[in-house]
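**Q** Sharing a structure, written as structure tokens. Questions coming.
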Amino acid sequence: VAQYRYDKTHAGTVTNLRKVHGLDYETAYYWADLLTHPETTCAICGIPQKMVEVYTRDAAHWILGVAWRLTLDHITPGVNDGNYRPLCHACNSTRGPARFTDEEVLQIVGDKWRATTGLRFLWWLNTSPGVGGRANRSPACAARDARFVEGDDEIETPSAESAAS
Ligand SMILES: [Zn+2]
């Protein structure tokens, strides 16, 4: 799977989706909205877009790669019409052209996260494909998480956690 350094704008995402996936403008615009929305999650592992941005803000992340946002997955390779879902780069590239099942992808990608990242940062990680992750660490943490996502450095970051463990 080719890796693309996505243009970090909505317009750039539309252009990318049209070029790479051959979507018409309206469909590309719809998906650009979804793929750049903070609350949109990977359909397999559950990572929300806002956390993809946290992890890839300054550099490529070793699990998530260079893509700063969720990617578009063809559920059935080669089929276009209505056959899309959002996947993070890790799940999309692990899956390849339907090489692994969603369950296998979640196991592989989940193992990588669990090996390197404190469990308290993996509140979003699904227990089975599309199920089990949370949108925020807890309802009480939602406001704090919003500041965290905005880069408030008063709050411990995932990279600090992985460096410590
Ligand atoms: Zn994923």
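All residue names refer to the structure tokens as shown: chains lettered A, B, ... in order, residues numbered from 1 in each chain, ligands numbered from 1 in order.
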Can you check which residues of segment 80-149 of chain A DSSP gives as strand (DSSP E) on the backbone and send them as a ChimeraX atom specification?

**A** /A:84-87

**Q** Would you pick out the contacts of segment 9-11 of chain A at 9 Å or less, using only C-alpha atoms, so that residues sharing its chain but fewer than 4 positions from it are not included, and give the list as a ChimeraX atom specification?

**A** /A:15-16,29,32-33,36

**Q** Can you write just those residues out, N, CA and C atoms, as a compact mmCIF listing (two decimals), in the first residue's frame?

**A**
```txt
# COMPACT_ATOMS: atom_id res chain seq x y z
N THR A 15 -9.00 16.86 -2.83
CA THR A 15 -8.17 16.63 -4.01
C THR A 15 -7.56 15.24 -3.98
N ASN A 16 -7.04 14.86 -2.79
CA ASN A 16 -6.43 13.54 -2.63
C ASN A 16 -7.44 12.43 -2.91
N TYR A 29 -16.07 15.41 -1.21
CA TYR A 29 -16.32 16.44 -0.20
C TYR A 29 -16.95 15.81 1.04
N ALA A 32 -14.28 13.83 2.81
CA ALA A 32 -13.29 14.72 3.43
C ALA A 32 -13.85 15.25 4.74
N ASP A 33 -15.14 15.61 4.77
CA ASP A 33 -15.77 16.05 6.01
C ASP A 33 -15.64 14.98 7.09
N THR A 36 -11.89 14.06 8.31
CA THR A 36 -11.18 15.09 9.06
C THR A 36 -11.95 15.50 10.32
```

**Q** With only C-alpha atoms as the basis for distance, which of A:His74, A:Arg120, A:Arg69, A:Arg57 is at the shortest distance from Pro38 of chain A?

**A**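 Closest to Pro38 of chain A of all the choices is A:Arg69.
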
**Q** So the first atom is atom CA of Trp68 of chain A and the second is atom CA of Trp31 of chain A; what is the distance between them in Å, to one decimal place?

**A** 15.1 Å

**Q** Counting only C-alpha atoms, what is within 12 Å of Glu103 of chain A, bar same-chain residues fewer than 4 positions away, as a count of residues only?

**A** 18

**Q** Distance table requested - chain A against ligand 1, cut-off 9 Å, only C-alpha atoms and all ligand atoms: one row per qualifying residue with the closest atom pair and its distance in Å to one decimal, ordered by chain and rising residue number, as a tab-separated table.

**A**
```
residue	atom	partner	partner_atom_place_in_ligand_line	distance
A:Thr41	CA	ligand 1	1 (Zn)	7.9
A:Cys42	CA	ligand 1	1 (Zn)	4.7
A:Ala43	CA	ligand 1	1 (Zn)	6.6
A:Ile44	CA	ligand 1	1 (Zn)	5.2
A:Cys45	CA	ligand 1	1 (Zn)	4.0
A:Gly46	CA	ligand 1	1 (Zn)	5.9
A:Ile47	CA	ligand 1	1 (Zn)	5.8
A:Pro48	CA	ligand 1	1 (Zn)	8.8
A:Leu64	CA	ligand 1	1 (Zn)	8.4
A:Leu70	CA	ligand 1	1 (Zn)	8.3
A:Pro86	CA	ligand 1	1 (Zn)	8.6
A:Leu87	CA	ligand 1	1 (Zn)	5.3
A:Cys88	CA	ligand 1	1 (Zn)	4.2
A:His89	CA	ligand 1	1 (Zn)	6.7
A:Ala90	CA	ligand 1	1 (Zn)	5.7
A:Cys91	CA	ligand 1	1 (Zn)	4.3
A:Asn92	CA	ligand 1	1 (Zn)	7.1
A:Val105	CA	ligand 1	1 (Zn)	8.3
A:Leu106	CA	ligand 1	1 (Zn)	7.4
A:Val109	CA	ligand 1	1 (Zn)	7.2
A:Gly110	CA	ligand 1	1 (Zn)	8.6
A:Leu125	CA	ligand 1	1 (Zn)	8.6
```

**Q** Can I get the selection written as an mmCIF file, in the first residue's frame, with N, CA and C atoms?

**A**
```
data_model
loop_
_atom_site.group_PDB
_atom_site.id
_atom_site.type_symbol
_atom_site.label_atom_id
_atom_site.label_comp_id
_atom_site.auth_asym_id
_atom_site.auth_seq_id
_atom_site.Cartn_x
_atom_site.Cartn_y
_atom_site.Cartn_z
ATOM 1 N N THR A 41 -14.194 7.716 13.860
ATOM 2 C CA THR A 41 -13.276 6.689 14.352
ATOM 3 C C THR A 41 -12.949 5.660 13.269
ATOM 4 N N CYS A 42 -11.798 5.020 13.413
ATOM 5 C CA CYS A 42 -11.418 3.907 12.539
ATOM 6 C C CYS A 42 -12.434 2.778 12.707
ATOM 7 N N ALA A 43 -12.925 2.248 11.603
ATOM 8 C CA ALA A 43 -13.987 1.242 11.656
ATOM 9 C C ALA A 43 -13.504 -0.082 12.246
ATOM 10 N N ILE A 44 -12.205 -0.294 12.322
ATOM 11 C CA ILE A 44 -11.698 -1.532 12.925
ATOM 12 C C ILE A 44 -11.200 -1.298 14.351
ATOM 13 N N CYS A 45 -10.164 -0.460 14.534
ATOM 14 C CA CYS A 45 -9.564 -0.347 15.870
ATOM 15 C C CYS A 45 -10.249 0.693 16.747
ATOM 16 N N GLY A 46 -10.939 1.659 16.142
ATOM 17 C CA GLY A 46 -11.679 2.639 16.923
ATOM 18 C C GLY A 46 -10.939 3.930 17.229
ATOM 19 N N ILE A 47 -9.706 4.081 16.756
ATOM 20 C CA ILE A 47 -8.996 5.323 17.078
ATOM 21 C C ILE A 47 -9.738 6.511 16.462
ATOM 22 N N PRO A 48 -10.017 7.531 17.295
ATOM 23 C CA PRO A 48 -10.689 8.702 16.747
ATOM 24 C C PRO A 48 -9.708 9.602 15.989
ATOM 25 N N LEU A 64 1.044 4.526 13.116
ATOM 26 C CA LEU A 64 0.057 5.194 12.264
ATOM 27 C C LEU A 64 0.628 5.674 10.932
ATOM 28 N N LEU A 70 -7.517 9.863 9.205
ATOM 29 C CA LEU A 70 -8.086 8.578 8.823
ATOM 30 C C LEU A 70 -8.108 8.469 7.296
ATOM 31 N N PRO A 86 -14.107 4.528 6.954
ATOM 32 C CA PRO A 86 -12.878 5.151 7.429
ATOM 33 C C PRO A 86 -12.010 4.140 8.173
ATOM 34 N N LEU A 87 -10.732 4.065 7.825
ATOM 35 C CA LEU A 87 -9.775 3.248 8.574
ATOM 36 C C LEU A 87 -8.548 4.094 8.865
ATOM 37 N N CYS A 88 -7.909 3.846 10.010
ATOM 38 C CA CYS A 88 -6.628 4.503 10.262
ATOM 39 C C CYS A 88 -5.591 3.870 9.330
ATOM 40 N N HIS A 89 -4.478 4.560 9.174
ATOM 41 C CA HIS A 89 -3.448 4.062 8.269
ATOM 42 C C HIS A 89 -2.930 2.689 8.708
ATOM 43 N N ALA A 90 -2.821 2.485 10.029
ATOM 44 C CA ALA A 90 -2.304 1.208 10.539
ATOM 45 C C ALA A 90 -3.210 0.052 10.126
ATOM 46 N N CYS A 91 -4.514 0.211 10.348
ATOM 47 C CA CYS A 91 -5.455 -0.862 9.991
ATOM 48 C C CYS A 91 -5.532 -1.039 8.479
ATOM 49 N N ASN A 92 -5.548 0.079 7.750
ATOM 50 C CA ASN A 92 -5.670 0.000 6.293
ATOM 51 C C ASN A 92 -4.459 -0.694 5.673
ATOM 52 N N VAL A 105 -6.786 -8.025 11.759
ATOM 53 C CA VAL A 105 -6.181 -6.689 11.723
ATOM 54 C C VAL A 105 -6.221 -6.062 13.113
ATOM 55 N N LEU A 106 -7.371 -6.169 13.786
ATOM 56 C CA LEU A 106 -7.494 -5.579 15.125
ATOM 57 C C LEU A 106 -6.504 -6.225 16.095
ATOM 58 N N VAL A 109 -2.862 -4.863 15.043
ATOM 59 C CA VAL A 109 -2.690 -3.432 15.345
ATOM 60 C C VAL A 109 -2.850 -3.197 16.857
ATOM 61 N N GLY A 110 -3.814 -3.873 17.477
ATOM 62 C CA GLY A 110 -4.016 -3.742 18.918
ATOM 63 C C GLY A 110 -2.791 -4.185 19.707
ATOM 64 N N LEU A 125 -9.445 2.015 22.074
ATOM 65 C CA LEU A 125 -9.158 0.766 21.348
ATOM 66 C C LEU A 125 -10.320 -0.226 21.451
#
```

**Q** How far is it from atom CA of Ala115 of chain A to atom CA of Gly65 of chain A, in Å with one decimal?

**A** 16.8 Å

**Q** Go through A:His37, A:Lys19, A:Lys112, A:Lys50 one by one, measure the shortest atom-to-atom distance of each to Trp62 of chain A using only C-alpha atoms, and give the residue with the smallest value.

**A**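 Of the candidates, the smallest distance to Trp62 of chain A is held by A:Lys112.
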
**Q** DSSP says alpha helix (DSSP H) for which residues of segment 17-128 of chain A? Put them as a ChimeraX atom specification?

**A** /A:17-21,25-35,49-56,89-95,102-116

**Q** Just the residues within 6 Å of Arg134 of chain A, please, counting only C-alpha atoms, with nothing from its chain fewer than 2 positions along; format it as a ChimeraX atom specification.

**A** /A:123-124,136

**Q** Report as a PyMOL selection string all protein, DNA and RNA residues lying within 9 Å of Thr76 of chain A, evaluated on only C-alpha atoms, omitting residues in the same chain fewer than 4 positions from it.

**A** chain A and resi 80+83-84+97-98

**Q** Report, in Å with one decimal, the straight-line distance from atom CA of Ala28 of chain A to atom CA of Val14 of chain A.

**A**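 Distance reported for this atom pair: 5.2 Å.
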
**Q** May I ask which of the residues A:Lys8, A:Glu39, A:Thr13, A:Asp111 is the closest one to Thr56 of chain A, counting only C-alpha atoms?

**A**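 Once distances to Thr56 of chain A are computed over only C-alpha atoms, the minimum belongs to A:Lys8.
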